[in-house]
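target-v4.cif follows (mmCIF, C-alpha atoms and all ligand atoms):
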```cif
data_data
#
loop_
_atom_site.group_PDB
_atom_site.id
_atom_site.type_symbol
_atom_site.label_atom_id
_atom_site.label_comp_id
_atom_site.auth_asym_id
_atom_site.auth_seq_id
_atom_site.Cartn_x
_atom_site.Cartn_y
_atom_site.Cartn_z
ATOM 1 C CA MET M 1 31.490 59.875 -26.557
ATOM 2 C CA PRO M 2 28.555 58.110 -24.901
ATOM 3 C CA ALA M 3 28.598 57.956 -21.133
ATOM 4 C CA ALA M 4 30.054 54.857 -19.534
ATOM 5 C CA THR M 5 27.010 54.939 -17.259
ATOM 6 C CA TRP M 6 24.521 54.359 -20.071
ATOM 7 C CA ASN M 7 22.363 51.361 -19.274
ATOM 8 C CA PRO M 8 20.904 49.241 -22.108
ATOM 9 C CA ALA M 9 17.437 49.809 -20.630
ATOM 10 C CA ASP M 10 17.870 53.588 -21.055
ATOM 11 C CA PRO M 11 16.967 55.440 -24.263
ATOM 12 C CA VAL M 12 19.536 55.042 -27.008
ATOM 13 C CA ILE M 13 18.408 58.170 -28.733
ATOM 14 C CA GLU M 14 16.377 60.992 -27.289
ATOM 15 C CA LEU M 15 15.146 64.212 -28.876
ATOM 16 C CA ARG M 16 14.290 67.036 -26.480
ATOM 17 C CA GLY M 17 12.393 70.013 -27.809
ATOM 18 C CA VAL M 18 13.863 69.602 -31.278
ATOM 19 C CA HIS M 19 13.072 72.096 -34.026
ATOM 20 C CA VAL M 20 14.208 71.871 -37.638
ATOM 21 C CA ILE M 21 13.749 74.807 -39.952
ATOM 22 C CA HIS M 22 14.565 74.072 -43.582
ATOM 23 C CA THR M 23 15.424 76.783 -46.026
ATOM 24 C CA SER M 24 13.310 75.916 -49.022
ATOM 25 C CA ARG M 25 14.533 76.298 -52.567
ATOM 26 C CA THR M 26 11.125 77.617 -53.606
ATOM 27 C CA GLY M 27 11.799 81.033 -52.045
ATOM 28 C CA SER M 28 13.744 83.697 -53.895
ATOM 29 C CA LEU M 29 17.512 84.057 -53.581
ATOM 30 C CA PHE M 30 17.040 87.175 -51.439
ATOM 31 C CA LYS M 31 14.087 85.894 -49.461
ATOM 32 C CA PRO M 32 14.398 82.113 -49.110
ATOM 33 C CA GLU M 33 11.309 80.434 -47.746
ATOM 34 C CA LYS M 34 11.588 78.876 -44.302
ATOM 35 C CA VAL M 35 9.846 75.575 -43.606
ATOM 36 C CA HIS M 36 9.370 74.742 -39.932
ATOM 37 C CA ALA M 37 9.473 70.994 -40.577
ATOM 38 C CA VAL M 38 9.910 69.838 -36.975
ATOM 39 C CA ASN M 39 8.406 71.852 -34.151
ATOM 40 C CA ASP M 40 9.359 71.147 -30.541
ATOM 41 C CA VAL M 41 9.548 67.377 -30.891
ATOM 42 C CA SER M 42 10.504 65.231 -27.907
ATOM 43 C CA LEU M 43 10.856 61.486 -28.408
ATOM 44 C CA SER M 44 12.954 58.655 -27.103
ATOM 45 C CA VAL M 45 13.581 55.099 -28.155
ATOM 46 C CA ARG M 46 15.102 52.168 -26.335
ATOM 47 C CA ARG M 47 16.388 48.765 -27.368
ATOM 48 C CA GLY M 48 13.657 46.149 -27.555
ATOM 49 C CA GLU M 49 10.766 48.491 -28.315
ATOM 50 C CA THR M 50 9.102 49.747 -31.463
ATOM 51 C CA LEU M 51 8.118 53.372 -31.593
ATOM 52 C CA GLY M 52 5.712 54.129 -34.432
ATOM 53 C CA LEU M 53 5.775 57.612 -35.906
ATOM 54 C CA VAL M 54 2.680 58.318 -37.956
ATOM 55 C CA GLY M 55 1.253 61.297 -39.800
ATOM 56 C CA GLU M 56 0.309 62.558 -43.223
ATOM 57 C CA SER M 57 2.797 63.240 -45.970
ATOM 58 C CA GLY M 58 4.836 66.363 -45.293
ATOM 59 C CA CYS M 59 4.196 66.434 -41.512
ATOM 60 C CA GLY M 60 7.911 66.107 -40.706
ATOM 61 C CA LYS M 61 8.419 62.371 -40.138
ATOM 62 C CA SER M 62 11.431 61.971 -42.423
ATOM 63 C CA THR M 63 13.092 65.097 -41.087
ATOM 64 C CA THR M 64 12.653 63.715 -37.559
ATOM 65 C CA ALA M 65 14.147 60.405 -38.708
ATOM 66 C CA ARG M 66 17.114 62.211 -40.216
ATOM 67 C CA VAL M 67 17.746 64.005 -36.923
ATOM 68 C CA MET M 68 17.680 60.649 -35.112
ATOM 69 C CA VAL M 69 20.314 59.129 -37.376
ATOM 70 C CA GLY M 70 22.488 62.239 -37.485
ATOM 71 C CA LEU M 71 21.818 63.152 -41.125
ATOM 72 C CA GLN M 72 20.057 66.384 -40.168
ATOM 73 C CA ALA M 73 21.124 68.850 -37.502
ATOM 74 C CA ALA M 74 18.497 70.249 -35.151
ATOM 75 C CA THR M 75 18.011 73.997 -35.561
ATOM 76 C CA ARG M 76 17.137 74.125 -31.856
ATOM 77 C CA GLY M 77 16.747 71.601 -29.037
ATOM 78 C CA GLU M 78 18.815 68.693 -27.823
ATOM 79 C CA VAL M 79 19.679 65.303 -29.280
ATOM 80 C CA LEU M 80 20.934 62.886 -26.644
ATOM 81 C CA PHE M 81 22.746 59.732 -27.687
ATOM 82 C CA LYS M 82 23.085 57.155 -24.935
ATOM 83 C CA GLY M 83 22.339 59.847 -22.389
ATOM 84 C CA ARG M 84 24.765 62.507 -23.559
ATOM 85 C CA PRO M 85 24.385 65.406 -25.957
ATOM 86 C CA LEU M 86 25.358 64.263 -29.430
ATOM 87 C CA GLY M 87 28.503 66.113 -30.412
ATOM 88 C CA ARG M 88 29.722 66.980 -33.858
ATOM 89 C CA SER M 89 33.040 65.170 -33.518
ATOM 90 C CA ALA M 90 33.891 62.407 -35.979
ATOM 91 C CA ALA M 91 34.073 59.943 -33.073
ATOM 92 C CA ASP M 92 30.533 60.773 -31.927
ATOM 93 C CA ARG M 93 29.188 60.505 -35.487
ATOM 94 C CA ARG M 94 30.912 57.183 -35.935
ATOM 95 C CA GLU M 95 29.505 55.832 -32.696
ATOM 96 C CA LEU M 96 26.013 57.027 -33.653
ATOM 97 C CA GLY M 97 26.418 55.460 -37.109
ATOM 98 C CA ARG M 98 27.184 52.094 -35.552
ATOM 99 C CA SER M 99 24.369 52.281 -33.039
ATOM 100 C CA VAL M 100 21.497 53.824 -35.021
ATOM 101 C CA SER M 101 20.997 52.790 -38.625
ATOM 102 C CA VAL M 102 18.367 53.578 -41.183
ATOM 103 C CA VAL M 103 16.249 51.791 -43.775
ATOM 104 C CA PHE M 104 14.750 54.093 -46.386
ATOM 105 C CA GLN M 105 11.525 53.775 -48.315
ATOM 106 C CA ASP M 106 12.820 52.754 -51.691
ATOM 107 C CA PRO M 107 15.579 50.143 -51.843
ATOM 108 C CA ALA M 108 15.886 50.753 -55.592
ATOM 109 C CA THR M 109 17.407 54.160 -54.861
ATOM 110 C CA ALA M 110 18.954 53.338 -51.472
ATOM 111 C CA LEU M 111 21.226 50.623 -52.898
ATOM 112 C CA ASN M 112 24.052 51.368 -55.287
ATOM 113 C CA PRO M 113 22.882 49.848 -58.595
ATOM 114 C CA ARG M 114 26.458 49.058 -59.662
ATOM 115 C CA MET M 115 27.508 47.263 -56.461
ATOM 116 C CA LEU M 116 27.121 43.537 -55.965
ATOM 117 C CA ILE M 117 25.063 42.710 -52.877
ATOM 118 C CA ARG M 118 28.207 41.270 -51.306
ATOM 119 C CA ASP M 119 30.014 44.604 -51.687
ATOM 120 C CA THR M 120 27.000 46.556 -50.440
ATOM 121 C CA LEU M 121 26.998 44.490 -47.261
ATOM 122 C CA ILE M 122 30.744 44.421 -46.687
ATOM 123 C CA ASP M 123 31.123 48.166 -47.234
ATOM 124 C CA PRO M 124 30.070 49.303 -43.714
ATOM 125 C CA LEU M 125 32.402 46.684 -42.211
ATOM 126 C CA ASN M 126 35.275 48.007 -44.318
ATOM 127 C CA VAL M 127 34.468 51.623 -43.478
ATOM 128 C CA HIS M 128 34.398 50.874 -39.751
ATOM 129 C CA GLY M 129 37.405 48.534 -39.942
ATOM 130 C CA ILE M 130 35.546 45.636 -38.370
ATOM 131 C CA GLY M 131 37.123 42.148 -38.411
ATOM 132 C CA SER M 132 39.563 40.481 -40.756
ATOM 133 C CA GLN M 133 38.664 39.960 -44.412
ATOM 134 C CA ALA M 134 37.589 36.381 -43.641
ATOM 135 C CA GLU M 135 35.470 37.558 -40.701
ATOM 136 C CA ARG M 136 33.824 40.184 -42.885
ATOM 137 C CA GLU M 137 32.959 37.584 -45.520
ATOM 138 C CA GLY M 138 31.463 35.400 -42.787
ATOM 139 C CA ARG M 139 29.498 38.310 -41.376
ATOM 140 C CA VAL M 140 28.052 39.096 -44.796
ATOM 141 C CA ARG M 141 26.829 35.500 -45.179
ATOM 142 C CA ASP M 142 25.300 35.664 -41.686
ATOM 143 C CA LEU M 143 23.547 38.935 -42.568
ATOM 144 C CA LEU M 144 21.994 37.403 -45.669
ATOM 145 C CA HIS M 145 20.809 34.465 -43.607
ATOM 146 C CA LEU M 146 19.321 36.807 -40.972
ATOM 147 C CA VAL M 147 17.140 38.496 -43.591
ATOM 148 C CA GLY M 148 16.125 35.238 -45.264
ATOM 149 C CA LEU M 149 18.149 35.507 -48.477
ATOM 150 C CA PRO M 150 20.158 32.631 -49.977
ATOM 151 C CA PRO M 151 23.970 32.807 -50.327
ATOM 152 C CA SER M 152 23.471 33.028 -54.105
ATOM 153 C CA ALA M 153 22.225 36.596 -53.570
ATOM 154 C CA LEU M 154 25.809 37.659 -52.773
ATOM 155 C CA ASN M 155 26.910 37.848 -56.365
ATOM 156 C CA VAL M 156 24.021 39.714 -57.948
ATOM 157 C CA LEU M 157 23.231 43.361 -58.554
ATOM 158 C CA PRO M 158 20.171 45.023 -56.994
ATOM 159 C CA ARG M 159 18.295 45.030 -60.316
ATOM 160 C CA GLN M 160 18.595 41.255 -60.530
ATOM 161 C CA ILE M 161 16.425 40.690 -57.449
ATOM 162 C CA SER M 162 12.864 41.694 -56.552
ATOM 163 C CA GLY M 163 11.832 44.824 -54.655
ATOM 164 C CA GLY M 164 11.127 42.795 -51.524
ATOM 165 C CA GLN M 165 14.529 41.118 -51.747
ATOM 166 C CA ARG M 166 16.196 44.504 -52.259
ATOM 167 C CA GLN M 167 14.538 45.783 -49.092
ATOM 168 C CA ARG M 168 15.848 42.681 -47.286
ATOM 169 C CA VAL M 169 19.338 43.629 -48.488
ATOM 170 C CA ALA M 170 18.818 47.188 -47.213
ATOM 171 C CA ILE M 171 17.776 45.744 -43.842
ATOM 172 C CA ALA M 172 20.837 43.457 -43.837
ATOM 173 C CA ARG M 173 23.041 46.472 -44.506
ATOM 174 C CA ALA M 174 21.352 48.318 -41.633
ATOM 175 C CA LEU M 175 22.190 45.353 -39.384
ATOM 176 C CA ALA M 176 25.812 45.070 -40.500
ATOM 177 C CA LEU M 177 27.337 47.037 -37.636
ATOM 178 C CA GLY M 178 25.167 45.466 -34.931
ATOM 179 C CA PRO M 179 23.003 48.521 -34.233
ATOM 180 C CA ASP M 180 20.920 49.166 -31.132
ATOM 181 C CA ILE M 181 18.193 50.894 -33.160
ATOM 182 C CA ILE M 182 16.940 50.760 -36.733
ATOM 183 C CA VAL M 183 14.989 53.743 -38.015
ATOM 184 C CA ALA M 184 12.750 52.449 -40.807
ATOM 185 C CA ASP M 185 11.252 55.292 -42.854
ATOM 186 C CA GLU M 186 8.221 53.994 -44.793
ATOM 187 C CA PRO M 187 10.065 50.681 -45.339
ATOM 188 C CA THR M 188 7.159 48.952 -47.061
ATOM 189 C CA SER M 189 5.506 51.802 -48.966
ATOM 190 C CA ALA M 190 7.441 51.239 -52.194
ATOM 191 C CA LEU M 191 6.903 47.476 -52.157
ATOM 192 C CA ASP M 192 4.285 45.303 -53.806
ATOM 193 C CA VAL M 193 1.353 44.669 -51.514
ATOM 194 C CA SER M 194 2.134 40.951 -51.635
ATOM 195 C CA VAL M 195 5.510 41.357 -49.897
ATOM 196 C CA ARG M 196 4.732 44.160 -47.441
ATOM 197 C CA ALA M 197 3.642 41.843 -44.643
ATOM 198 C CA GLN M 198 6.740 39.670 -45.143
ATOM 199 C CA VAL M 199 9.036 42.656 -44.681
ATOM 200 C CA LEU M 200 7.072 43.843 -41.632
ATOM 201 C CA ASN M 201 7.294 40.363 -40.135
ATOM 202 C CA LEU M 202 11.014 40.264 -40.820
ATOM 203 C CA LEU M 203 11.511 43.539 -38.944
ATOM 204 C CA GLN M 204 9.412 42.192 -36.054
ATOM 205 C CA ASP M 205 11.408 38.953 -35.945
ATOM 206 C CA LEU M 206 14.732 40.791 -36.006
ATOM 207 C CA LYS M 207 13.569 43.092 -33.247
ATOM 208 C CA ALA M 208 12.679 40.078 -31.112
ATOM 209 C CA SER M 209 15.719 37.933 -31.887
ATOM 210 C CA LEU M 210 18.324 40.710 -31.683
ATOM 211 C CA GLY M 211 16.628 42.856 -29.023
ATOM 212 C CA LEU M 212 16.695 45.790 -31.410
ATOM 213 C CA GLY M 213 14.795 49.013 -31.007
ATOM 214 C CA LEU M 214 12.788 50.105 -34.024
ATOM 215 C CA VAL M 215 11.473 53.462 -35.075
ATOM 216 C CA PHE M 216 8.803 52.636 -37.601
ATOM 217 C CA ILE M 217 7.683 55.560 -39.718
ATOM 218 C CA SER M 218 4.608 55.483 -41.899
ATOM 219 C CA HIS M 219 1.660 57.546 -43.090
ATOM 220 C CA ASP M 220 -0.388 54.368 -42.583
ATOM 221 C CA ILE M 221 -1.688 54.066 -39.048
ATOM 222 C CA ASN M 222 -2.748 50.454 -39.495
ATOM 223 C CA THR M 223 0.731 49.384 -40.539
ATOM 224 C CA VAL M 224 2.126 51.326 -37.578
ATOM 225 C CA ARG M 225 -0.366 49.578 -35.304
ATOM 226 C CA TYR M 226 0.775 46.195 -36.556
ATOM 227 C CA VAL M 227 4.371 46.686 -35.440
ATOM 228 C CA SER M 228 4.466 49.328 -32.694
ATOM 229 C CA ASP M 229 4.516 49.199 -28.914
ATOM 230 C CA ARG M 230 4.148 52.967 -28.658
ATOM 231 C CA ILE M 231 2.894 55.468 -31.208
ATOM 232 C CA ALA M 232 3.638 59.148 -31.680
ATOM 233 C CA VAL M 233 1.186 60.979 -33.932
ATOM 234 C CA MET M 234 2.678 63.852 -35.881
ATOM 235 C CA ASN M 235 0.875 66.759 -37.528
ATOM 236 C CA SER M 236 2.402 69.868 -39.097
ATOM 237 C CA GLY M 237 5.797 69.278 -37.517
ATOM 238 C CA SER M 238 4.530 68.609 -33.975
ATOM 239 C CA ILE M 239 3.832 65.468 -31.985
ATOM 240 C CA VAL M 240 0.143 65.883 -31.178
ATOM 241 C CA GLU M 241 -0.399 62.641 -29.281
ATOM 242 C CA THR M 242 1.660 59.776 -27.875
ATOM 243 C CA GLY M 243 0.653 56.598 -26.113
ATOM 244 C CA THR M 244 0.820 52.868 -26.203
ATOM 245 C CA THR M 245 -0.636 51.373 -29.350
ATOM 246 C CA GLU M 246 -3.568 50.161 -27.284
ATOM 247 C CA GLU M 247 -4.216 53.661 -25.879
ATOM 248 C CA ILE M 248 -4.002 55.372 -29.257
ATOM 249 C CA PHE M 249 -6.429 52.942 -30.856
ATOM 250 C CA SER M 250 -8.901 52.589 -28.007
ATOM 251 C CA HIS M 251 -8.914 56.193 -26.701
ATOM 252 C CA PRO M 252 -7.487 58.622 -29.248
ATOM 253 C CA ASN M 253 -7.433 62.053 -27.604
ATOM 254 C CA GLN M 254 -6.961 64.208 -30.643
ATOM 255 C CA ASP M 255 -9.310 64.862 -33.543
ATOM 256 C CA TYR M 256 -6.319 64.508 -35.861
ATOM 257 C CA THR M 257 -5.624 60.985 -34.573
ATOM 258 C CA ARG M 258 -9.301 60.093 -34.968
ATOM 259 C CA THR M 259 -9.167 61.384 -38.518
ATOM 260 C CA LEU M 260 -6.138 59.206 -39.265
ATOM 261 C CA LEU M 261 -7.892 56.208 -37.718
ATOM 262 C CA GLY M 262 -11.022 56.826 -39.736
ATOM 263 C CA ALA M 263 -9.318 57.739 -42.975
ATOM 264 C CA VAL M 264 -7.355 54.585 -43.456
ATOM 265 C CA PRO M 265 -9.324 51.352 -43.555
ATOM 266 C CA SER M 266 -6.382 49.016 -44.107
ATOM 267 C CA LEU M 267 -3.352 50.436 -45.713
ATOM 268 C CA LEU M 268 -1.515 47.129 -45.375
ATOM 269 C CA GLN M 269 -3.670 46.198 -48.322
ATOM 270 C CA ALA M 270 -3.712 49.667 -49.919
HETATM 271 N N1 LIG H 1 15.765 69.563 -47.493
HETATM 272 C C1 LIG H 1 14.633 70.244 -47.419
HETATM 273 N N2 LIG H 1 14.602 71.557 -47.802
HETATM 274 C C2 LIG H 1 13.465 72.265 -47.712
HETATM 275 N N3 LIG H 1 12.296 71.779 -47.253
HETATM 276 C C3 LIG H 1 12.268 70.498 -46.869
HETATM 277 C C4 LIG H 1 13.433 69.656 -46.941
HETATM 278 N N4 LIG H 1 13.103 68.426 -46.483
HETATM 279 C C5 LIG H 1 11.806 68.473 -46.151
HETATM 280 N N5 LIG H 1 11.301 69.703 -46.377
HETATM 281 C C6 LIG H 1 9.923 70.151 -46.108
HETATM 282 O O1 LIG H 1 9.708 69.911 -44.715
HETATM 283 C C7 LIG H 1 8.383 69.437 -44.489
HETATM 284 C C8 LIG H 1 8.457 68.076 -43.809
HETATM 285 O O2 LIG H 1 8.997 67.139 -44.750
HETATM 286 P P1 LIG H 1 9.294 65.614 -44.349
HETATM 287 O O3 LIG H 1 9.856 64.953 -45.544
HETATM 288 O O4 LIG H 1 10.069 65.591 -43.088
HETATM 289 O O5 LIG H 1 7.824 65.077 -44.047
HETATM 290 P P2 LIG H 1 7.249 63.598 -44.124
HETATM 291 O O6 LIG H 1 6.169 63.534 -43.118
HETATM 292 O O7 LIG H 1 8.351 62.612 -44.010
HETATM 293 O O8 LIG H 1 6.631 63.554 -45.570
HETATM 294 P P3 LIG H 1 6.771 62.414 -46.701
HETATM 295 O O9 LIG H 1 6.152 61.199 -46.114
HETATM 296 O O10 LIG H 1 6.007 62.979 -47.854
HETATM 297 O O11 LIG H 1 8.252 62.298 -46.952
HETATM 298 C C9 LIG H 1 7.706 69.419 -45.845
HETATM 299 O O12 LIG H 1 7.020 70.636 -46.001
HETATM 300 C C10 LIG H 1 8.859 69.333 -46.824
HETATM 301 O O13 LIG H 1 8.515 69.919 -48.057
#
```

How would this structure read if it were set down as structure tokens?
Ligand SMILES: Nc1ncnc2c1ncn2[C@@H]1O[C@H](COP(=O)(O)OP(=O)(O)OP(=O)(O)O)[C@@H](O)[C@H]1O
Amino acid sequence: MPAATWNPADPVIELRGVHVIHTSRTGSLFKPEKVHAVNDVSLSVRRGETLGLVGESGCGKSTTARVMVGLQAATRGEVLFKGRPLGRSAADRRELGRSVSVVFQDPATALNPRMLIRDTLIDPLNVHGIGSQAEREGRVRDLLHLVGLPPSALNVLPRQISGGQRQRVAIARALALGPDIIVADEPTSALDVSVRAQVLNLLQDLKASLGLGLVFISHDINTVRYVSDRIAVMNSGSIVETGTTEEIFSHPNQDYTRTLLGAVPSLLQA
């Protein structure tokens, strides 16, 4: 379990020298192909800050995100949760699940199409045994309010609302357990251009009002710039450059970062 000495100003989650090697299905049965998806990655994230993780498709961003939220084990290296090595016990996983939640790219696939929004939002509270039934119902209404959806959204299915509204529901679900950190993996890429900025602004507002930490993952360096305090640039599984957003944009040290900066005029509009 997390150390009693953890201080809210300390990193909630920290990766130290993490490697992930996937066994790809494209290899043969006798000689499966190995994909070194994450190569010696060290990162940390605290409450109240946004860490942007940027790089081209396939560079290992999602695998890194999955390590952070406990969905993917590191092949090598250390994952520290609130200052202590993350164990494999059910209690540790549960604690991590409450503290670090995730928003995926496509809310159409991330939400259960047969579950009413109300049930989608109450589910994590049920699973974690939080509050009485009446308190859970109240919490669900509060969550909807936090993400700017009306109470009428409670009794609809995901397909009955827009893509932007679905992503708001996914964000509400990520907030249900009162996390310290939300890992948002390309949270606006599947949305209409017209609602991307609204969802980004919502994440920014929630970060400010709840003191959340955010890990914002995108292939789009301009979107990352818009929301991040610090940026880590990823290429071929490795972090090739980190710095404050200001440093990365005014003095990029790596050719790869310069290429990303030059290659993407304004992906918020793309
Ligand atoms: N479960 C898996 N099994 C085998 N290979 C995988 C698996 N998941 C990812 N990979 C491979 O690992 C590498 C990194 O993938 P990852 O999804 O982490 O990158 P990404 O930067 O998030 O890309 P994208 O934005 O396209 O999702 C890629 O080569 C990918 O094909």

- Return as a PyMOL selection string the residues of protein, DNA or RNA that approach ligand LIG 1 (chain H) to within 12 Å, with all atoms listed in the file taken into account. chain M and resi 19-27+32-39+53-67+71-73+104-106+184-187+189-190+216-220+233-239

- Measure the distance from atom CA of Arg94 of chain M to atom CA of Gln167 of chain M in Å and round it to one decimal. 23.9 Å

- Answer key for the PyMOL selection byres (((chain M and resi 224) around 10) and not hetatm), residues as an MDAnalysis selection string: chainID M and resid 50:54 186 200 215:223 225:232 245 267:268

Go ahead and save the residues from that selection, with C-alpha atoms, as a compact mmCIF listing (two decimals), in the coordinates of the input.
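Final file, selection-v1.txt:
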```
# COMPACT_ATOMS: atom_id res chain seq x y z
CA THR M 50 9.10 49.75 -31.46
CA LEU M 51 8.12 53.37 -31.59
CA GLY M 52 5.71 54.13 -34.43
CA LEU M 53 5.78 57.61 -35.91
CA VAL M 54 2.68 58.32 -37.96
CA GLU M 186 8.22 53.99 -44.79
CA LEU M 200 7.07 43.84 -41.63
CA VAL M 215 11.47 53.46 -35.08
CA PHE M 216 8.80 52.64 -37.60
CA ILE M 217 7.68 55.56 -39.72
CA SER M 218 4.61 55.48 -41.90
CA HIS M 219 1.66 57.55 -43.09
CA ASP M 220 -0.39 54.37 -42.58
CA ILE M 221 -1.69 54.07 -39.05
CA ASN M 222 -2.75 50.45 -39.49
CA THR M 223 0.73 49.38 -40.54
CA ARG M 225 -0.37 49.58 -35.30
CA TYR M 226 0.78 46.20 -36.56
CA VAL M 227 4.37 46.69 -35.44
CA SER M 228 4.47 49.33 -32.69
CA ASP M 229 4.52 49.20 -28.91
CA ARG M 230 4.15 52.97 -28.66
CA ILE M 231 2.89 55.47 -31.21
CA ALA M 232 3.64 59.15 -31.68
CA THR M 245 -0.64 51.37 -29.35
CA LEU M 267 -3.35 50.44 -45.71
CA LEU M 268 -1.52 47.13 -45.38
```

- Around the point (23.9, 40.8, -51.9) in the file's coordinates, collect all residues with an atom within 9 Å, using only C-alpha atoms, and return them as a list in words.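 Selection result: Met115, Leu116, Ile117, Arg118, Asp119, Thr120, Leu121, Val140, Leu144, Leu149, Pro151, Ser152, Ala153, Leu154, Asn155, Val156, Leu157, Pro158, Arg166 and Val169 of chain M.
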
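With distances taken over all atoms listed in the file, M:Ala174 is the one residue among M:Leu202, M:Gln254, M:Val69, M:Ala174 lying closest to Pro124 of chain M.
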
- Item | Selected residue, from M:Arg76, M:Arg46, M:Arg168, M:Arg88, that lies nearest to Gln198 of chain M when counting all atoms listed in the file |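 Distance minimum relative to Gln198 of chain M lands on M:Arg168.
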
- Item | Which residue of M:Val79, M:Gly48, M:Val195, M:Pro113 approaches Arg16 of chain M most closely, using only C-alpha atoms |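 Residue with the minimum atom-to-atom distance to Arg16 of chain M: M:Val79.
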
- Task: Decode the PyMOL selection byres (((chain M and resi 11-13) around 8) and not hetatm) for the given file into explicit residues and return them as a PyMOL selection string.
- Result: chain M and resi 8-10+14-15+44-47+68+79-83+180-181

- Could you check which of M:Gly77, M:Val100, M:Leu43, M:Ser209 is closest to Gly243 of chain M, using all atoms listed in the file?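 Checking each candidate against Gly243 of chain M, we get M:Leu43 as the closest.
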
- Message: Once the PyMOL selection byres (((chain M and resi 143) around 8) and not hetatm) is applied to the coordinates I shared, what remains selected? I want it as a PyMOL selection string.
- Response: chain M and resi 139-142+144-147+172-173+175-176

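Coordinates place atom CA of Ser194 of chain M at a distance of 26.9 Å from atom CA of Arg114 of chain M.
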
With 5 Å of padding per side, what axis-aligned box (centre and edge lengths, Å, one decimal) covers all the listed atoms of segment 189-200 of chain M? Give it as JSON.
```
{"center_x": 5.2, "center_y": 45.7, "center_z": -47.7, "size_x": 17.7, "size_y": 22.1, "size_z": 22.2}
```

- Task: Would you mind telling me which residue in M:Glu49, M:Glu135, M:Glu246, M:Glu241 lies nearest to Gln204 of chain M when using all atoms listed in the file?
- Result: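 Among the listed residues, M:Glu49 lies closest to Gln204 of chain M.
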
- May I ask for the distance between atom CA of Leu96 of chain M and atom CA of Leu125 of chain M, given in Å to one decimal place? 14.9 Å

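When only C-alpha atoms are used to measure the gap to Val183 of chain M, the shortest distance among M:Gly131, M:Gly138, M:Gly164, M:Gly70 belongs to M:Gly70.
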
Give me segment 54-66 of chain M with N, CA and C atoms filled in, as a PDB file, keeping the file's coordinate frame.
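Generated file (selection-v8.pdb):
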```pdb
ATOM      1  N   VAL M  54       3.683  58.318 -36.896  1.00  0.00           N
ATOM      2  CA  VAL M  54       2.680  58.318 -37.956  1.00  0.00           C
ATOM      3  C   VAL M  54       2.149  59.730 -38.207  1.00  0.00           C
ATOM      4  N   GLY M  55       1.844  60.005 -39.438  1.00  0.00           N
ATOM      5  CA  GLY M  55       1.253  61.297 -39.800  1.00  0.00           C
ATOM      6  C   GLY M  55       1.209  61.396 -41.310  1.00  0.00           C
ATOM      7  N   GLU M  56       0.480  62.415 -41.773  1.00  0.00           N
ATOM      8  CA  GLU M  56       0.309  62.558 -43.223  1.00  0.00           C
ATOM      9  C   GLU M  56       1.615  63.004 -43.885  1.00  0.00           C
ATOM     10  N   SER M  57       1.635  62.829 -45.187  1.00  0.00           N
ATOM     11  CA  SER M  57       2.797  63.240 -45.970  1.00  0.00           C
ATOM     12  C   SER M  57       3.119  64.712 -45.717  1.00  0.00           C
ATOM     13  N   GLY M  58       4.396  64.983 -45.477  1.00  0.00           N
ATOM     14  CA  GLY M  58       4.836  66.363 -45.293  1.00  0.00           C
ATOM     15  C   GLY M  58       4.757  66.847 -43.854  1.00  0.00           C
ATOM     16  N   CYS M  59       4.367  65.965 -42.903  1.00  0.00           N
ATOM     17  CA  CYS M  59       4.196  66.434 -41.512  1.00  0.00           C
ATOM     18  C   CYS M  59       5.526  66.498 -40.760  1.00  0.00           C
ATOM     19  N   GLY M  60       6.601  65.988 -41.368  1.00  0.00           N
ATOM     20  CA  GLY M  60       7.911  66.107 -40.706  1.00  0.00           C
ATOM     21  C   GLY M  60       8.506  64.799 -40.222  1.00  0.00           C
ATOM     22  N   LYS M  61       7.936  63.681 -40.622  1.00  0.00           N
ATOM     23  CA  LYS M  61       8.419  62.371 -40.138  1.00  0.00           C
ATOM     24  C   LYS M  61       9.852  62.099 -40.604  1.00  0.00           C
ATOM     25  N   SER M  62      10.092  62.292 -41.905  1.00  0.00           N
ATOM     26  CA  SER M  62      11.431  61.971 -42.423  1.00  0.00           C
ATOM     27  C   SER M  62      12.481  62.907 -41.847  1.00  0.00           C
ATOM     28  N   THR M  63      12.126  64.161 -41.672  1.00  0.00           N
ATOM     29  CA  THR M  63      13.092  65.097 -41.087  1.00  0.00           C
ATOM     30  C   THR M  63      13.430  64.660 -39.663  1.00  0.00           C
ATOM     31  N   THR M  64      12.415  64.216 -38.920  1.00  0.00           N
ATOM     32  CA  THR M  64      12.653  63.715 -37.559  1.00  0.00           C
ATOM     33  C   THR M  64      13.578  62.494 -37.605  1.00  0.00           C
ATOM     34  N   ALA M  65      13.306  61.598 -38.567  1.00  0.00           N
ATOM     35  CA  ALA M  65      14.147  60.405 -38.708  1.00  0.00           C
ATOM     36  C   ALA M  65      15.586  60.809 -38.996  1.00  0.00           C
ATOM     37  N   ARG M  66      15.764  61.786 -39.842  1.00  0.00           N
ATOM     38  CA  ARG M  66      17.114  62.211 -40.216  1.00  0.00           C
ATOM     39  C   ARG M  66      17.859  62.814 -39.018  1.00  0.00           C
TER      40      ARG M  66
END
```
